[in-house]
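S.K.: I am sharing model_39.cif, which consists of mmCIF, N, CA and C atoms:
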```cif
data_upload
#
loop_
_atom_site.group_PDB
_atom_site.id
_atom_site.type_symbol
_atom_site.label_atom_id
_atom_site.label_comp_id
_atom_site.auth_asym_id
_atom_site.auth_seq_id
_atom_site.Cartn_x
_atom_site.Cartn_y
_atom_site.Cartn_z
ATOM 1 N N MET A 231 -4.032 -43.995 5.276
ATOM 2 C CA MET A 231 -4.658 -42.719 4.974
ATOM 3 C C MET A 231 -4.513 -42.470 3.472
ATOM 4 N N ARG A 232 -5.579 -42.051 2.876
ATOM 5 C CA ARG A 232 -5.564 -41.799 1.438
ATOM 6 C C ARG A 232 -4.758 -40.543 1.127
ATOM 7 N N THR A 233 -4.142 -40.504 -0.033
ATOM 8 C CA THR A 233 -3.313 -39.378 -0.448
ATOM 9 C C THR A 233 -4.134 -38.098 -0.537
ATOM 10 N N SER A 234 -5.350 -38.171 -1.048
ATOM 11 C CA SER A 234 -6.165 -36.962 -1.179
ATOM 12 C C SER A 234 -6.515 -36.378 0.185
ATOM 13 N N THR A 235 -6.744 -37.224 1.179
ATOM 14 C CA THR A 235 -7.032 -36.746 2.530
ATOM 15 C C THR A 235 -5.800 -36.090 3.133
ATOM 16 N N ARG A 236 -4.659 -36.694 2.906
ATOM 17 C CA ARG A 236 -3.402 -36.152 3.424
ATOM 18 C C ARG A 236 -3.102 -34.798 2.789
ATOM 19 N N VAL A 237 -3.280 -34.671 1.477
ATOM 20 C CA VAL A 237 -3.039 -33.412 0.776
ATOM 21 C C VAL A 237 -3.996 -32.338 1.279
ATOM 22 N N ALA A 238 -5.256 -32.695 1.473
ATOM 23 C CA ALA A 238 -6.230 -31.728 1.982
ATOM 24 C C ALA A 238 -5.835 -31.257 3.376
ATOM 25 N N GLY A 239 -5.350 -32.152 4.213
ATOM 26 C CA GLY A 239 -4.914 -31.775 5.562
ATOM 27 C C GLY A 239 -3.722 -30.833 5.533
ATOM 28 N N VAL A 240 -2.769 -31.118 4.664
ATOM 29 C CA VAL A 240 -1.585 -30.261 4.549
ATOM 30 C C VAL A 240 -1.988 -28.878 4.046
ATOM 31 N N LEU A 241 -2.845 -28.822 3.045
ATOM 32 C CA LEU A 241 -3.286 -27.534 2.510
ATOM 33 C C LEU A 241 -4.065 -26.734 3.553
ATOM 34 N N THR A 242 -4.883 -27.403 4.331
ATOM 35 C CA THR A 242 -5.623 -26.719 5.392
ATOM 36 C C THR A 242 -4.664 -26.150 6.429
ATOM 37 N N GLY A 243 -3.664 -26.944 6.807
ATOM 38 C CA GLY A 243 -2.672 -26.473 7.772
ATOM 39 C C GLY A 243 -1.904 -25.264 7.256
ATOM 40 N N LEU A 244 -1.509 -25.297 5.999
ATOM 41 C CA LEU A 244 -0.789 -24.171 5.412
ATOM 42 C C LEU A 244 -1.664 -22.923 5.370
ATOM 43 N N THR A 245 -2.921 -23.099 5.013
ATOM 44 C CA THR A 245 -3.847 -21.967 4.956
ATOM 45 C C THR A 245 -4.007 -21.325 6.327
ATOM 46 N N LEU A 246 -4.178 -22.144 7.351
ATOM 47 C CA LEU A 246 -4.313 -21.617 8.706
ATOM 48 C C LEU A 246 -3.044 -20.910 9.163
ATOM 49 N N MET A 247 -1.891 -21.477 8.834
ATOM 50 C CA MET A 247 -0.626 -20.877 9.229
ATOM 51 C C MET A 247 -0.416 -19.527 8.537
ATOM 52 N N LEU A 248 -0.695 -19.461 7.244
ATOM 53 C CA LEU A 248 -0.530 -18.207 6.511
ATOM 54 C C LEU A 248 -1.538 -17.158 6.969
ATOM 55 N N GLY A 249 -2.747 -17.578 7.288
ATOM 56 C CA GLY A 249 -3.762 -16.652 7.788
ATOM 57 C C GLY A 249 -3.366 -16.058 9.122
ATOM 58 N N ALA A 250 -2.814 -16.880 10.005
ATOM 59 C CA ALA A 250 -2.362 -16.394 11.314
ATOM 60 C C ALA A 250 -1.201 -15.424 11.155
ATOM 61 N N THR A 251 -0.321 -15.696 10.220
ATOM 62 C CA THR A 251 0.805 -14.800 9.969
ATOM 63 C C THR A 251 0.321 -13.451 9.465
ATOM 64 N N ALA A 252 -0.655 -13.460 8.586
ATOM 65 C CA ALA A 252 -1.188 -12.202 8.045
ATOM 66 C C ALA A 252 -1.857 -11.377 9.144
ATOM 67 N N LEU A 253 -2.528 -12.025 10.079
ATOM 68 C CA LEU A 253 -3.179 -11.300 11.159
ATOM 69 C C LEU A 253 -2.173 -10.737 12.153
ATOM 70 N N ALA A 254 -1.056 -11.428 12.340
ATOM 71 C CA ALA A 254 -0.053 -10.992 13.310
ATOM 72 C C ALA A 254 0.856 -9.904 12.754
ATOM 73 N N THR A 255 0.901 -9.737 11.438
ATOM 74 C CA THR A 255 1.756 -8.744 10.814
ATOM 75 C C THR A 255 1.127 -7.361 10.973
ATOM 76 N N PRO A 256 1.874 -6.399 11.536
ATOM 77 C CA PRO A 256 1.300 -5.065 11.703
ATOM 78 C C PRO A 256 1.126 -4.370 10.356
ATOM 79 N N ALA A 257 0.141 -3.515 10.285
ATOM 80 C CA ALA A 257 -0.121 -2.750 9.066
ATOM 81 C C ALA A 257 0.960 -1.699 8.872
ATOM 82 N N ALA A 258 1.203 -1.352 7.629
ATOM 83 C CA ALA A 258 2.175 -0.295 7.340
ATOM 84 C C ALA A 258 1.681 1.016 7.950
ATOM 85 N N GLN A 259 2.586 1.780 8.500
ATOM 86 C CA GLN A 259 2.217 3.017 9.182
ATOM 87 C C GLN A 259 2.461 4.222 8.277
ATOM 88 N N ALA A 260 1.868 4.208 7.128
ATOM 89 C CA ALA A 260 1.996 5.321 6.188
ATOM 90 C C ALA A 260 0.650 6.001 6.033
ATOM 91 N N ASP A 261 0.656 7.251 5.574
ATOM 92 C CA ASP A 261 -0.583 8.002 5.473
ATOM 93 C C ASP A 261 -0.406 9.197 4.545
ATOM 94 N N ILE A 262 -1.407 10.037 4.493
ATOM 95 C CA ILE A 262 -1.350 11.214 3.628
ATOM 96 C C ILE A 262 -0.206 12.147 4.031
ATOM 97 N N PRO A 263 0.012 12.415 5.326
ATOM 98 C CA PRO A 263 1.163 13.259 5.672
ATOM 99 C C PRO A 263 2.500 12.674 5.201
ATOM 100 N N ALA A 264 2.648 11.359 5.220
ATOM 101 C CA ALA A 264 3.884 10.759 4.719
ATOM 102 C C ALA A 264 4.029 11.022 3.220
ATOM 103 N N CYS A 265 2.923 10.952 2.502
ATOM 104 C CA CYS A 265 2.932 11.224 1.066
ATOM 105 C C CYS A 265 3.295 12.683 0.796
ATOM 106 N N THR A 266 2.636 13.594 1.504
ATOM 107 C CA THR A 266 2.914 15.013 1.273
ATOM 108 C C THR A 266 4.323 15.386 1.736
ATOM 109 N N ASN A 267 4.809 14.756 2.803
ATOM 110 C CA ASN A 267 6.177 15.028 3.257
ATOM 111 C C ASN A 267 7.199 14.582 2.225
ATOM 112 N N MET A 268 6.964 13.423 1.603
ATOM 113 C CA MET A 268 7.896 12.960 0.577
ATOM 114 C C MET A 268 7.884 13.913 -0.609
ATOM 115 N N ALA A 269 6.712 14.428 -0.965
ATOM 116 C CA ALA A 269 6.633 15.401 -2.054
ATOM 117 C C ALA A 269 7.384 16.670 -1.674
ATOM 118 N N ALA A 270 7.249 17.103 -0.424
ATOM 119 C CA ALA A 270 7.941 18.309 0.040
ATOM 120 C C ALA A 270 9.452 18.104 0.052
ATOM 121 N N GLN A 271 9.910 16.904 0.386
ATOM 122 C CA GLN A 271 11.346 16.625 0.398
ATOM 123 C C GLN A 271 11.948 16.699 -0.990
ATOM 124 N N SER A 272 11.111 16.574 -2.009
ATOM 125 C CA SER A 272 11.623 16.677 -3.374
ATOM 126 C C SER A 272 11.745 18.134 -3.818
ATOM 127 N N GLY A 273 11.341 19.070 -2.928
ATOM 128 C CA GLY A 273 11.486 20.487 -3.238
ATOM 129 C C GLY A 273 10.207 21.161 -3.706
ATOM 130 N N VAL A 274 9.104 20.457 -3.657
ATOM 131 C CA VAL A 274 7.820 21.009 -4.093
ATOM 132 C C VAL A 274 7.018 21.391 -2.861
ATOM 133 N N GLY A 275 6.403 22.544 -2.901
ATOM 134 C CA GLY A 275 5.551 22.964 -1.790
ATOM 135 C C GLY A 275 4.301 22.105 -1.698
ATOM 136 N N VAL A 276 3.807 21.937 -0.476
ATOM 137 C CA VAL A 276 2.599 21.135 -0.270
ATOM 138 C C VAL A 276 1.386 22.022 -0.549
ATOM 139 N N THR A 277 0.853 21.859 -1.736
ATOM 140 C CA THR A 277 -0.306 22.636 -2.175
ATOM 141 C C THR A 277 -1.557 21.759 -2.113
ATOM 142 N N ASP A 278 -2.676 22.364 -2.437
ATOM 143 C CA ASP A 278 -3.923 21.590 -2.493
ATOM 144 C C ASP A 278 -3.828 20.485 -3.550
ATOM 145 N N ALA A 279 -3.119 20.754 -4.637
ATOM 146 C CA ALA A 279 -2.972 19.755 -5.698
ATOM 147 C C ALA A 279 -2.183 18.546 -5.205
ATOM 148 N N VAL A 280 -1.146 18.790 -4.411
ATOM 149 C CA VAL A 280 -0.339 17.699 -3.861
ATOM 150 C C VAL A 280 -1.183 16.870 -2.891
ATOM 151 N N THR A 281 -1.905 17.539 -2.025
ATOM 152 C CA THR A 281 -2.752 16.836 -1.056
ATOM 153 C C THR A 281 -3.844 16.038 -1.761
ATOM 154 N N ALA A 282 -4.449 16.613 -2.782
ATOM 155 C CA ALA A 282 -5.493 15.909 -3.529
ATOM 156 C C ALA A 282 -4.931 14.669 -4.219
ATOM 157 N N ALA A 283 -3.722 14.795 -4.767
ATOM 158 C CA ALA A 283 -3.093 13.644 -5.411
ATOM 159 C C ALA A 283 -2.820 12.543 -4.392
ATOM 160 N N CYS A 284 -2.359 12.908 -3.198
ATOM 161 C CA CYS A 284 -2.107 11.914 -2.155
ATOM 162 C C CYS A 284 -3.407 11.237 -1.724
ATOM 163 N N HIS A 285 -4.505 11.982 -1.711
ATOM 164 C CA HIS A 285 -5.806 11.378 -1.396
ATOM 165 C C HIS A 285 -6.171 10.333 -2.445
ATOM 166 N N ARG A 286 -5.832 10.589 -3.705
ATOM 167 C CA ARG A 286 -6.099 9.598 -4.750
ATOM 168 C C ARG A 286 -5.313 8.325 -4.496
ATOM 169 N N GLY A 287 -4.077 8.467 -4.001
ATOM 170 C CA GLY A 287 -3.271 7.292 -3.662
ATOM 171 C C GLY A 287 -3.887 6.472 -2.552
ATOM 172 N N VAL A 288 -4.449 7.160 -1.563
ATOM 173 C CA VAL A 288 -5.106 6.460 -0.452
ATOM 174 C C VAL A 288 -6.303 5.664 -0.945
ATOM 175 N N SER A 289 -7.032 6.220 -1.897
ATOM 176 C CA SER A 289 -8.222 5.534 -2.400
ATOM 177 C C SER A 289 -7.876 4.410 -3.370
ATOM 178 N N GLY A 290 -6.587 4.219 -3.668
ATOM 179 C CA GLY A 290 -6.175 3.116 -4.524
ATOM 180 C C GLY A 290 -5.884 3.503 -5.956
ATOM 181 N N ASP A 291 -6.031 4.776 -6.288
ATOM 182 C CA ASP A 291 -5.755 5.233 -7.655
ATOM 183 C C ASP A 291 -4.285 5.648 -7.738
ATOM 184 N N LEU A 292 -3.396 4.653 -7.807
ATOM 185 C CA LEU A 292 -1.961 4.920 -7.799
ATOM 186 C C LEU A 292 -1.538 5.752 -9.010
ATOM 187 N N GLN A 293 -2.041 5.415 -10.184
ATOM 188 C CA GLN A 293 -1.654 6.163 -11.385
ATOM 189 C C GLN A 293 -2.168 7.589 -11.334
ATOM 190 N N GLY A 294 -3.384 7.794 -10.851
ATOM 191 C CA GLY A 294 -3.920 9.145 -10.706
ATOM 192 C C GLY A 294 -3.118 9.963 -9.714
ATOM 193 N N CYS A 295 -2.665 9.309 -8.655
ATOM 194 C CA CYS A 295 -1.831 9.980 -7.657
ATOM 195 C C CYS A 295 -0.505 10.415 -8.271
ATOM 196 N N VAL A 296 0.152 9.497 -8.969
ATOM 197 C CA VAL A 296 1.440 9.817 -9.602
ATOM 198 C C VAL A 296 1.266 10.931 -10.625
ATOM 199 N N ASN A 297 0.216 10.837 -11.440
ATOM 200 C CA ASN A 297 -0.027 11.877 -12.443
ATOM 201 C C ASN A 297 -0.263 13.235 -11.784
ATOM 202 N N GLY A 298 -1.028 13.248 -10.704
ATOM 203 C CA GLY A 298 -1.300 14.498 -9.999
ATOM 204 C C GLY A 298 -0.051 15.100 -9.378
ATOM 205 N N LEU A 299 0.788 14.243 -8.782
ATOM 206 C CA LEU A 299 2.016 14.759 -8.170
ATOM 207 C C LEU A 299 3.002 15.252 -9.225
ATOM 208 N N THR A 300 3.144 14.527 -10.318
ATOM 209 C CA THR A 300 4.075 14.987 -11.354
ATOM 210 C C THR A 300 3.573 16.280 -11.997
ATOM 211 N N ALA A 301 2.261 16.420 -12.132
ATOM 212 C CA ALA A 301 1.704 17.675 -12.661
ATOM 213 C C ALA A 301 1.975 18.834 -11.696
ATOM 214 N N ALA A 302 2.083 18.519 -10.404
ATOM 215 C CA ALA A 302 2.373 19.556 -9.404
ATOM 216 C C ALA A 302 3.866 19.835 -9.299
ATOM 217 N N GLY A 303 4.688 19.103 -10.067
ATOM 218 C CA GLY A 303 6.122 19.362 -10.089
ATOM 219 C C GLY A 303 6.990 18.377 -9.326
ATOM 220 N N VAL A 304 6.392 17.346 -8.764
ATOM 221 C CA VAL A 304 7.174 16.334 -8.039
ATOM 222 C C VAL A 304 7.831 15.421 -9.074
ATOM 223 N N PRO A 305 9.150 15.187 -8.957
ATOM 224 C CA PRO A 305 9.818 14.282 -9.899
ATOM 225 C C PRO A 305 9.209 12.882 -9.853
ATOM 226 N N GLY A 306 9.288 12.173 -10.982
ATOM 227 C CA GLY A 306 8.642 10.869 -11.125
ATOM 228 C C GLY A 306 8.933 9.856 -10.042
ATOM 229 N N GLY A 307 10.215 9.682 -9.681
ATOM 230 C CA GLY A 307 10.566 8.700 -8.662
ATOM 231 C C GLY A 307 9.990 9.051 -7.300
ATOM 232 N N ALA A 308 10.064 10.315 -6.943
ATOM 233 C CA ALA A 308 9.511 10.759 -5.660
ATOM 234 C C ALA A 308 7.992 10.659 -5.668
ATOM 235 N N ALA A 309 7.372 10.962 -6.798
ATOM 236 C CA ALA A 309 5.911 10.863 -6.899
ATOM 237 C C ALA A 309 5.464 9.421 -6.734
ATOM 238 N N ASN A 310 6.165 8.513 -7.367
ATOM 239 C CA ASN A 310 5.826 7.097 -7.261
ATOM 240 C C ASN A 310 5.973 6.611 -5.820
ATOM 241 N N GLY A 311 7.065 6.976 -5.175
ATOM 242 C CA GLY A 311 7.280 6.570 -3.787
ATOM 243 C C GLY A 311 6.249 7.162 -2.848
ATOM 244 N N ALA A 312 5.926 8.430 -3.047
ATOM 245 C CA ALA A 312 4.936 9.086 -2.191
ATOM 246 C C ALA A 312 3.568 8.430 -2.344
ATOM 247 N N CYS A 313 3.205 8.086 -3.563
ATOM 248 C CA CYS A 313 1.905 7.470 -3.793
ATOM 249 C C CYS A 313 1.850 6.054 -3.224
ATOM 250 N N ARG A 314 2.959 5.362 -3.242
ATOM 251 C CA ARG A 314 2.995 4.034 -2.630
ATOM 252 C C ARG A 314 2.822 4.142 -1.120
ATOM 253 N N LEU A 315 3.389 5.173 -0.524
ATOM 254 C CA LEU A 315 3.173 5.393 0.913
ATOM 255 C C LEU A 315 1.703 5.662 1.201
ATOM 256 N N ALA A 316 1.091 6.490 0.386
ATOM 257 C CA ALA A 316 -0.315 6.830 0.595
ATOM 258 C C ALA A 316 -1.210 5.615 0.409
ATOM 259 N N ALA A 317 -0.854 4.749 -0.517
ATOM 260 C CA ALA A 317 -1.684 3.580 -0.810
ATOM 261 C C ALA A 317 -1.725 2.598 0.345
ATOM 262 N N HIS A 318 -0.754 2.673 1.262
ATOM 263 C CA HIS A 318 -0.697 1.724 2.367
ATOM 264 C C HIS A 318 -1.198 2.319 3.663
ATOM 265 N N GLU A 319 -2.021 3.339 3.556
ATOM 266 C CA GLU A 319 -2.556 3.963 4.767
ATOM 267 C C GLU A 319 -3.417 2.957 5.532
ATOM 268 N N PRO A 320 -3.212 2.848 6.839
ATOM 269 C CA PRO A 320 -4.077 1.964 7.624
ATOM 270 C C PRO A 320 -5.511 2.464 7.604
ATOM 271 N N ARG A 321 -6.456 1.588 7.479
ATOM 272 C CA ARG A 321 -7.862 1.955 7.396
ATOM 273 C C ARG A 321 -8.551 1.690 8.706
#
```
Translate the structure described by the file into structure tokens.
M.R.:
Amino acid sequence: MRTSTRVAGVLTGLTLMLGATALATPAAQADIPACTNMAAQSGVGVTDAVTAACHRGVSGDLQGCVNGLTAAGVPGGAANGACRLAAHEPR
């Protein structure tokens, strides 16, 4: 068997194995309420600004989400964590 054929077979096998693993892995169970709850745990009330910022995180605008939460008074670390939760919302 030629080396190039063997390498192609190994790469195909690895690709199939990794693809099956990705399909079997459950999606993260985070959402907008998880984002707003984390903001509330930092001592900030859940306002329209907080909810809007979490929506930005869901749409993939992580920096916009963090900026919106910090502008609403959420400390930086909590804002970053909350936006990461929102970014992993199951679709």
S.K.: Got a sec to resolve the PyMOL selection byres ((chain A and resi 263-280) around 7) on this structure and send the residues as number ranges by chain?
M.R.: A: 260-262, 281-285, 298-299, 302-305, 308-309, 311-313, 315-316
S.K.: Would you save the residues of that selection, restricted to N, CA and C atoms, as a compact mmCIF listing (two decimals), keeping the file's coordinate frame?
M.R.:
```
# COMPACT_ATOMS: atom_id res chain seq x y z
N ALA A 260 1.87 4.21 7.13
CA ALA A 260 2.00 5.32 6.19
C ALA A 260 0.65 6.00 6.03
N ASP A 261 0.66 7.25 5.57
CA ASP A 261 -0.58 8.00 5.47
C ASP A 261 -0.41 9.20 4.54
N ILE A 262 -1.41 10.04 4.49
CA ILE A 262 -1.35 11.21 3.63
C ILE A 262 -0.21 12.15 4.03
N THR A 281 -1.90 17.54 -2.02
CA THR A 281 -2.75 16.84 -1.06
C THR A 281 -3.84 16.04 -1.76
N ALA A 282 -4.45 16.61 -2.78
CA ALA A 282 -5.49 15.91 -3.53
C ALA A 282 -4.93 14.67 -4.22
N ALA A 283 -3.72 14.80 -4.77
CA ALA A 283 -3.09 13.64 -5.41
C ALA A 283 -2.82 12.54 -4.39
N CYS A 284 -2.36 12.91 -3.20
CA CYS A 284 -2.11 11.91 -2.15
C CYS A 284 -3.41 11.24 -1.72
N HIS A 285 -4.50 11.98 -1.71
CA HIS A 285 -5.81 11.38 -1.40
C HIS A 285 -6.17 10.33 -2.44
N GLY A 298 -1.03 13.25 -10.70
CA GLY A 298 -1.30 14.50 -10.00
C GLY A 298 -0.05 15.10 -9.38
N LEU A 299 0.79 14.24 -8.78
CA LEU A 299 2.02 14.76 -8.17
C LEU A 299 3.00 15.25 -9.22
N ALA A 302 2.08 18.52 -10.40
CA ALA A 302 2.37 19.56 -9.40
C ALA A 302 3.87 19.84 -9.30
N GLY A 303 4.69 19.10 -10.07
CA GLY A 303 6.12 19.36 -10.09
C GLY A 303 6.99 18.38 -9.33
N VAL A 304 6.39 17.35 -8.76
CA VAL A 304 7.17 16.33 -8.04
C VAL A 304 7.83 15.42 -9.07
N PRO A 305 9.15 15.19 -8.96
CA PRO A 305 9.82 14.28 -9.90
C PRO A 305 9.21 12.88 -9.85
N ALA A 308 10.06 10.32 -6.94
CA ALA A 308 9.51 10.76 -5.66
C ALA A 308 7.99 10.66 -5.67
N ALA A 309 7.37 10.96 -6.80
CA ALA A 309 5.91 10.86 -6.90
C ALA A 309 5.46 9.42 -6.73
N GLY A 311 7.06 6.98 -5.18
CA GLY A 311 7.28 6.57 -3.79
C GLY A 311 6.25 7.16 -2.85
N ALA A 312 5.93 8.43 -3.05
CA ALA A 312 4.94 9.09 -2.19
C ALA A 312 3.57 8.43 -2.34
N CYS A 313 3.20 8.09 -3.56
CA CYS A 313 1.90 7.47 -3.79
C CYS A 313 1.85 6.05 -3.22
N LEU A 315 3.39 5.17 -0.52
CA LEU A 315 3.17 5.39 0.91
C LEU A 315 1.70 5.66 1.20
N ALA A 316 1.09 6.49 0.39
CA ALA A 316 -0.32 6.83 0.60
C ALA A 316 -1.21 5.62 0.41
```
S.K.: Could you jot down the CA of Val288 in chain A to CA of Ala301 in chain A separation for me, Å, one decimal place?
M.R.: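 Atom-to-atom, CA of Val288 in chain A to CA of Ala301 in chain A, that is 17.9 Å.
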S.K.: Rounded to one decimal in Å, what is the spacing between atom C of Gly290 in chain A and CA of Ala317 in chain A?
M.R.: 6.6 Å
S.K.: One number please: atom C of Gly306 in chain A to CA of His318 in chain A, in Å, one decimal.
M.R.: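 Going from atom C of Gly306 in chain A over to CA of His318 in chain A covers 17.7 Å.
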